[in-house]
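The next block is query.txt, given as compact mmCIF, C-alpha atoms.
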# COMPACT_ATOMS: atom_id res chain seq x y z
CA MET N 288 9.10 38.22 -53.31
CA VAL N 289 9.17 35.00 -51.22
CA THR N 290 11.23 32.32 -52.85
CA GLN N 291 10.20 28.68 -52.91
CA GLU N 292 12.98 27.83 -50.45
CA GLN N 293 11.90 30.56 -48.02
CA ARG N 294 8.30 29.35 -48.26
CA ARG N 295 9.41 25.78 -47.56
CA ARG N 296 11.32 26.91 -44.47
CA GLN N 297 8.35 28.95 -43.26
CA LEU N 298 6.04 25.98 -43.60
CA ALA N 299 8.55 23.80 -41.76
CA ARG N 300 8.74 26.32 -38.90
CA GLU N 301 4.96 26.49 -38.68
CA LYS N 302 4.74 22.69 -38.62
CA PHE N 303 7.38 22.54 -35.87
CA LEU N 304 5.50 25.14 -33.79
CA ARG N 305 2.24 23.18 -34.17
CA GLN N 306 4.00 20.00 -33.03
CA GLN N 307 5.46 21.79 -30.02
CA GLN N 308 2.05 23.17 -29.07
CA ARG N 309 0.49 19.71 -29.33
CA ARG N 310 3.24 18.21 -27.20
CA THR N 311 2.92 20.93 -24.59
CA SER N 312 -0.83 20.45 -24.49
CA ALA N 313 -0.44 16.67 -24.21
CA ARG N 314 2.04 17.01 -21.35
CA ARG N 315 -0.29 19.40 -19.54
CA LYS N 316 -3.23 17.05 -19.96
CA ALA N 317 -1.09 14.10 -18.81
CA ARG N 318 -0.04 16.00 -15.68
CA MET N 319 -3.66 16.84 -14.92
CA ARG N 320 -4.72 13.24 -15.56
CA ASN N 321 -1.93 11.82 -13.40
CA ALA N 322 -2.73 14.26 -10.62
CA ALA N 323 -6.37 13.20 -10.72
CA ILE N 324 -5.42 9.53 -10.73
CA ALA N 325 -3.01 10.03 -7.87
CA SER N 326 -5.66 11.72 -5.77
CA VAL N 327 -8.09 8.88 -6.37
CA LEU N 328 -5.72 5.97 -6.15
CA GLY N 329 -4.69 6.76 -2.62
CA VAL N 330 -6.11 3.43 -2.06
CA ILE N 331 -5.82 1.77 1.13
CA LEU N 332 -3.37 3.69 2.98
CA ILE N 333 -2.25 7.01 3.81
CA GLY N 334 -2.85 9.95 1.70
CA SER N 335 -0.65 12.11 -0.38
CA VAL N 336 1.28 14.74 1.42
CA ALA N 337 0.78 14.52 5.03
CA LEU N 338 -2.18 12.89 6.27
CA TYR N 339 -4.09 12.06 9.14
CA THR N 340 -5.99 9.95 6.80
CA THR N 341 -9.15 8.24 7.55
CA GLY N 342 -9.62 5.98 4.67
CA VAL N 343 -6.14 5.90 3.79
CA VAL N 344 -3.66 3.86 5.30
CA LEU N 345 -5.91 1.07 5.05
CA LYS N 346 -7.99 0.98 2.08
CA ASP N 347 -9.01 -1.93 0.04
CA ASP N 348 -10.51 0.54 -2.33
CA ASP N 349 -9.73 3.91 -3.81
CA ASP N 350 -9.77 7.05 -1.77
CA LYS N 351 -7.14 9.32 -0.47
CA THR N 352 -7.61 11.86 2.25
CA ASN N 353 -5.06 14.56 2.89
CA ALA N 354 -4.37 16.06 6.24
CA SER N 355 -2.22 18.82 7.56
CA ALA N 356 1.20 17.74 8.63
CA GLU N 357 4.58 18.81 7.45
CA VAL N 358 6.59 16.09 5.89
CA THR N 359 9.96 15.56 4.37
CA PRO N 360 9.93 13.84 0.96
CA SER N 361 11.83 10.60 0.80
CA ALA N 362 14.73 10.10 -1.56
CA SER N 363 13.77 10.35 -5.20
CA ALA N 364 13.62 7.31 -7.42
CA SER N 365 16.76 8.49 -9.18
CA SER N 366 18.76 8.43 -5.95
CA LYS N 367 17.11 5.53 -4.19
CA ALA N 368 19.04 3.32 -1.83
CA PRO N 369 20.22 -0.13 -2.93
CA ASP N 370 17.64 -2.90 -2.70
CA PRO N 371 18.29 -4.65 0.64
CA CYS N 372 16.18 -7.69 -0.18
CA ASP N 373 16.60 -10.97 -2.01
CA LYS N 374 14.84 -12.26 -5.10
CA PRO N 375 11.37 -13.72 -4.53
CA ALA N 376 10.97 -17.47 -4.28
CA GLU N 377 9.58 -19.19 -7.34
CA GLY N 378 5.83 -19.52 -7.41
CA GLU N 379 2.64 -17.80 -8.48
CA VAL N 380 0.05 -15.78 -6.62
CA LYS N 381 -3.23 -17.61 -6.09
CA THR N 382 -6.33 -15.83 -7.32
CA GLN N 383 -9.02 -17.75 -5.44
CA THR N 384 -11.75 -15.77 -3.68
CA TRP N 385 -14.63 -16.69 -1.41
CA LYS N 386 -18.16 -15.36 -1.12
CA LYS N 387 -18.34 -15.18 2.65
CA GLU N 388 -16.18 -14.97 5.73
CA PRO N 389 -14.83 -18.38 6.78
CA ALA N 390 -16.41 -20.22 9.68
CA MET N 391 -14.77 -19.71 13.05
CA THR N 392 -12.19 -22.47 13.56
CA ILE N 393 -9.60 -20.92 15.88
CA ASP N 394 -9.50 -21.29 19.64
CA LYS N 395 -10.30 -17.78 20.83
CA SER N 396 -8.54 -18.38 24.13
CA ALA N 397 -5.29 -19.60 22.55
CA LYS N 398 -2.24 -17.66 21.37
CA TYR N 399 -1.44 -17.49 17.68
CA THR N 400 1.56 -16.18 15.78
CA MET N 401 1.76 -15.18 12.14
CA THR N 402 5.10 -15.37 10.37
CA LEU N 403 5.68 -13.52 7.15
CA ALA N 404 8.69 -15.09 5.46
CA THR N 405 9.60 -12.20 3.16
CA THR N 406 12.40 -11.57 0.71
CA CYS N 407 13.77 -9.09 3.25
CA GLY N 408 13.65 -11.38 6.27
CA ASP N 409 11.10 -12.99 8.58
CA ILE N 410 8.52 -10.81 10.33
CA ASP N 411 6.90 -12.54 13.30
CA ILE N 412 3.63 -11.13 14.59
CA ALA N 413 1.92 -12.00 17.87
CA LEU N 414 -1.79 -12.01 17.06
CA LYS N 415 -4.46 -10.55 19.35
CA THR N 416 -6.75 -13.54 19.17
CA SER N 417 -9.25 -12.79 21.92
CA ALA N 418 -9.53 -9.10 21.00
CA ALA N 419 -9.85 -9.63 17.23
CA PRO N 420 -11.07 -13.21 16.71
CA HIS N 421 -12.71 -12.64 13.31
CA THR N 422 -9.56 -11.03 11.96
CA VAL N 423 -7.23 -13.69 13.32
CA ASN N 424 -9.54 -16.46 12.12
CA SER N 425 -9.58 -14.93 8.63
CA PHE N 426 -5.79 -14.70 8.49
CA ASN N 427 -5.49 -18.26 9.74
CA PHE N 428 -7.83 -19.37 6.95
CA LEU N 429 -6.16 -17.33 4.19
CA ALA N 430 -2.62 -18.29 5.22
CA GLY N 431 -3.68 -21.94 5.21
CA LYS N 432 -4.91 -21.53 1.64
CA GLY N 433 -1.62 -19.94 0.54
CA PHE N 434 -3.46 -16.72 -0.26
CA PHE N 435 -0.58 -14.45 0.80
CA ASP N 436 2.23 -16.52 -0.70
CA HIS N 437 4.25 -14.74 -3.43
CA THR N 438 2.31 -11.47 -2.95
CA PRO N 439 4.16 -8.13 -2.88
CA CYS N 440 3.86 -5.51 -0.19
CA HIS N 441 2.70 -2.82 -2.57
CA ARG N 442 2.83 0.41 -0.58
CA LEU N 443 5.25 2.24 1.69
CA THR N 444 4.29 5.54 3.27
CA THR N 445 7.03 7.73 4.72
CA ASN N 446 5.16 11.03 5.11
CA GLY N 447 2.85 11.81 8.00
CA ILE N 448 2.29 8.16 8.80
CA TYR N 449 4.83 5.40 8.56
CA VAL N 450 3.53 2.08 7.33
CA LEU N 451 4.14 -0.77 4.93
CA GLN N 452 0.99 -2.17 3.34
CA CYS N 453 0.62 -5.77 2.22
CA GLY N 454 -2.00 -8.44 1.62
CA ASP N 455 -3.24 -7.61 -1.87
CA PRO N 456 -2.76 -10.48 -4.32
CA THR N 457 -3.00 -8.05 -7.25
CA GLY N 458 -0.22 -5.83 -5.91
CA GLN N 459 -2.27 -2.79 -6.96
CA GLY N 460 -4.08 -1.94 -3.74
CA ASN N 461 -7.57 -2.99 -4.78
CA GLY N 462 -7.58 -6.76 -4.31
CA GLY N 463 -9.00 -8.94 -1.58
CA PRO N 464 -10.42 -12.34 -0.63
CA GLY N 465 -13.93 -11.65 -1.88
CA TYR N 466 -15.45 -11.20 1.57
CA ASN N 467 -15.30 -8.63 4.35
CA ILE N 468 -14.71 -9.00 8.07
CA PRO N 469 -16.02 -6.81 10.90
CA ASP N 470 -14.01 -4.11 12.61
CA GLU N 471 -12.62 -5.23 15.95
CA ASN N 472 -10.56 -4.01 18.87
CA LEU N 473 -10.87 -0.31 17.99
CA LYS N 474 -10.61 0.60 21.67
CA ASP N 475 -7.30 -1.21 22.14
CA LYS N 476 -5.34 0.37 24.97
CA SER N 477 -2.35 0.82 22.69
CA LEU N 478 -4.23 3.34 20.52
CA LYS N 479 -3.64 6.45 22.61
CA ASP N 480 -4.09 10.01 21.34
CA ASN N 481 -5.16 8.84 17.88
CA THR N 482 -1.83 7.17 17.30
CA TYR N 483 -0.98 3.69 16.07
CA PRO N 484 2.33 2.91 17.79
CA ALA N 485 5.34 1.40 16.06
CA GLY N 486 5.07 -2.38 15.95
CA THR N 487 1.30 -2.41 15.36
CA VAL N 488 -0.26 -4.55 12.63
CA ALA N 489 -3.72 -3.40 11.60
CA MET N 490 -6.32 -3.91 8.89
CA ALA N 491 -6.73 -1.69 5.86
CA ASN N 492 -10.25 -0.84 4.84
CA THR N 493 -12.26 1.23 2.35
CA GLY N 494 -13.08 3.97 4.82
CA GLN N 495 -16.41 2.30 5.55
CA ALA N 496 -17.22 0.31 8.66
CA ASN N 497 -16.66 -3.45 8.53
CA SER N 498 -14.97 -3.34 5.12
CA GLY N 499 -11.69 -5.11 5.92
CA GLY N 500 -10.58 -7.89 3.60
CA SER N 501 -7.02 -9.19 3.34
CA GLN N 502 -4.96 -5.99 3.16
CA PHE N 503 -3.10 -4.94 6.26
CA PHE N 504 -0.37 -2.54 7.27
CA LEU N 505 2.68 -2.73 9.51
CA VAL N 506 3.62 0.39 11.46
CA TYR N 507 7.38 1.03 11.68
CA GLN N 508 7.09 4.40 13.43
CA ASP N 509 4.36 5.95 15.59
CA SER N 510 1.68 7.14 13.17
CA PRO N 511 -1.21 9.59 13.78
CA LEU N 512 -4.37 7.84 12.66
CA PRO N 513 -7.94 7.72 13.94
CA PRO N 514 -8.91 4.42 15.62
CA SER N 515 -10.69 3.10 12.54
CA TYR N 516 -8.41 0.22 11.60
CA THR N 517 -8.55 -3.06 13.48
CA PRO N 518 -5.27 -3.57 15.39
CA PHE N 519 -4.74 -7.32 15.45
CA GLY N 520 -1.06 -7.97 16.02
CA THR N 521 2.28 -6.81 17.40
CA ILE N 522 5.57 -7.20 15.53
CA SER N 523 8.55 -8.86 17.23
CA ASP N 524 11.80 -6.96 17.77
CA GLU N 525 13.47 -8.98 15.02
CA GLY N 526 10.55 -8.27 12.72
CA MET N 527 10.86 -4.55 13.43
CA THR N 528 14.50 -4.69 12.33
CA VAL N 529 13.39 -6.14 8.99
CA LEU N 530 10.58 -3.60 8.65
CA LYS N 531 12.87 -0.64 9.34
CA LYS N 532 15.34 -1.97 6.77
CA ILE N 533 12.54 -1.93 4.21
CA ALA N 534 11.50 1.59 5.21
CA ALA N 535 15.08 2.87 5.05
CA ALA N 536 15.23 1.98 1.35
CA GLY N 537 12.43 4.47 0.70
CA GLU N 538 9.59 4.48 -1.79
CA SER N 539 9.51 4.94 -5.53
CA THR N 540 7.78 8.28 -6.03
CA GLY N 541 10.00 10.48 -3.87
CA ALA N 542 6.83 12.06 -2.47
CA GLY N 543 6.54 9.76 0.53
CA ASP N 544 3.79 7.40 -0.64
CA GLY N 545 4.37 4.74 -3.26
CA ALA N 546 5.74 1.30 -4.01
CA PRO N 547 8.71 0.41 -1.77
CA ASN N 548 12.13 0.53 -3.40
CA ALA N 549 12.93 -2.72 -1.63
CA THR N 550 11.68 -5.89 -3.30
CA VAL N 551 9.25 -6.85 -0.54
CA VAL N 552 7.47 -10.09 -1.36
CA ILE N 553 5.83 -12.47 1.09
CA ASP N 554 7.28 -15.81 0.01
CA LYS N 555 5.22 -17.64 2.61
CA ALA N 556 2.73 -16.68 5.34
CA THR N 557 1.93 -19.07 8.17
CA VAL N 558 -0.24 -18.86 11.25
CA THR N 559 0.57 -21.18 14.12
CA LYS N 560 -1.05 -21.89 17.45
CA SER N 561 1.25 -21.75 20.43

Can you give me the file's structure in the form of structure tokens?
Amino acid sequence: MVTQEQRRRQLAREKFLRQQQRRTSARRKARMRNAAIASVLGVILIGSVALYTTGVVLKDDDDKTNASAEVTPSASASSKAPDPCDKPAEGEVKTQTWKKEPAMTIDKSAKYTMTLATTCGDIDIALKTSAAPHTVNSFNFLAGKGFFDHTPCHRLTTNGIYVLQCGDPTGQGNGGPGYNIPDENLKDKSLKDNTYPAGTVAMANTGQANSGGSQFFLVYQDSPLPPSYTPFGTISDEGMTVLKKIAAAGESTGAGDGAPNATVVIDKATVTKS
């Protein structure tokens, strides 16, 4: 005959088993949900594991395309390198947007330089004005409005392609200025063998033609990508030193594509005519 105490223990065991089953089921569903989200939120840059991505490295939207390439995962978040950057300057991100591309105000025959004063150091970029006038004009306009000031560089990819992505005021990979600019300079002589060479600055996009906004990426190591992203600048040697310092700190997921471990914030972006 089952005593009251034995019955109580049996009921407790059954309750414990039900709780364990619910937790196991919840964890399984969470993993499936996170995997689905991860595959969709490959926004703007380079896709998950290897990638020769075509709507990836530069997306102002949400799509991730995988490609075949062996990669070595970066250091895990638990063993990440020390943050090599300083604290961001005080200030808030501006949220203003515009309905259409700004009127052309730059001198297409002149030379322009964009300086990103970041928490990790200054990155100077020689802009390709004559080859990408709409892009340079847009950056001149947005920098003048303080659009990039206090914005984080939200994505670092260390697998398959090697880029740091910036220019989204939301810091989530889906923000922009409210307008789009046309693709330009896709036949640049530097883009040989479907490769964006180290030192290139190019536009992110949604994977569709003429869908660039404000997001852009900086290439710190030669990266295999189709010529679908407007190359509009070249990083200085000093800027490359800063960029490689950021890359060396790794990214947060340990899988080679996530938020940089370094605190990369653009304190101030300026475009100057030389």

For a quick check of your reading of the model, name the residues lying within 7 Å of the coordinate (8.4, -10.7, 16.4), counting all atoms listed in the file, and write them as a PyMOL selection string.
chain N and resi 410-413+522-526

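Straight-line separation from CA of Ala549 (chain N) to CA of Thr487 (chain N): 20.6 Å.
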
Quick one: residues within 8 Å of region 464-481 of chain N, all atoms listed in the file, excluding same-chain residues fewer than 5 positions away - as a list in words?
Gln383, Thr384, Trp385, Lys386, Lys387, Glu388, Ala418, Ala419, His421, Thr422, Ser425, Ala496, Asn497, Ser498, Gly499, Gly500, Ser501, Pro511, Leu512, Pro513, Pro514, Ser515, Tyr516, Thr517, Pro518 and Phe519 of chain N

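Of note, CA of Met401 (chain N) and CA of Phe426 (chain N) are spaced 8.4 Å apart.
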
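We find CA of Ala376 (chain N) and CA of Thr557 (chain N) to be spaced 15.5 Å apart.
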
Can you list, as a ChimeraX atom specification, every protein, DNA or RNA residue that comes within 7 Å of Ser510 (chain N) when you count all atoms listed in the file, leaving out same-chain residues fewer than 2 positions away?
/N:448-449,482-484,508,512

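Remark: for Val423 (chain N), the closest of the candidate residues N:Glu538, N:Asp394, N:Asp409, N:Asp455 is N:Asp394 (distances computed over all atoms listed in the file).
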
Select, counting only C-alpha atoms, all protein, DNA and RNA residues no farther than 9 Å from (6.8, -0.7, -5.2) in file coordinates, and express the selection as number ranges by chain.
N: 439-443, 458, 538-539, 545-551

So that I have them on file, write out the residues from the current selection with C-alpha atoms, as an mmCIF file, in the coordinates of the input.
data_model
loop_
_atom_site.group_PDB
_atom_site.id
_atom_site.type_symbol
_atom_site.label_atom_id
_atom_site.label_comp_id
_atom_site.auth_asym_id
_atom_site.auth_seq_id
_atom_site.Cartn_x
_atom_site.Cartn_y
_atom_site.Cartn_z
ATOM 1 C CA PRO N 439 4.160 -8.130 -2.880
ATOM 2 C CA CYS N 440 3.860 -5.510 -0.190
ATOM 3 C CA HIS N 441 2.700 -2.820 -2.570
ATOM 4 C CA ARG N 442 2.830 0.410 -0.580
ATOM 5 C CA LEU N 443 5.250 2.240 1.690
ATOM 6 C CA GLY N 458 -0.220 -5.830 -5.910
ATOM 7 C CA GLU N 538 9.590 4.480 -1.790
ATOM 8 C CA SER N 539 9.510 4.940 -5.530
ATOM 9 C CA GLY N 545 4.370 4.740 -3.260
ATOM 10 C CA ALA N 546 5.740 1.300 -4.010
ATOM 11 C CA PRO N 547 8.710 0.410 -1.770
ATOM 12 C CA ASN N 548 12.130 0.530 -3.400
ATOM 13 C CA ALA N 549 12.930 -2.720 -1.630
ATOM 14 C CA THR N 550 11.680 -5.890 -3.300
ATOM 15 C CA VAL N 551 9.250 -6.850 -0.540
#

Point out the residue among N:Met391, N:Val450, N:Ile533, N:Ala430 with the least atom-to-atom distance to Phe504 (chain N), counting all atoms listed in the file.
N:Val450

Residues at most 9 Å from Ser561 (chain N), counting only C-alpha atoms, excluding those fewer than 5 positions away in the same chain, as a list in words?
Ala397, Lys398, Tyr399 and Thr400 of chain N

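For Phe434 (chain N), the set of protein, DNA and RNA residues having any atom at most 8 Å away, when counting all atoms listed in the file and skipping those fewer than 4 positions along the same chain, is Val380, Lys381, Thr382, Gln383, Leu429, Ala430 and Pro456 of chain N.
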
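In terms of minimum interatomic distance to Ala368 (chain N), N:Ala534 ranks closest within N:Leu414, N:Leu505, N:Leu451, N:Ala534, counting only C-alpha atoms.
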
For Ala404 (chain N), work out the shell of residues within 10 Å, counting all atoms listed in the file and skipping chain neighbours fewer than 6 positions away, then give it as an MDAnalysis selection string.
chainID N and resid 410:411 436:437 552:557
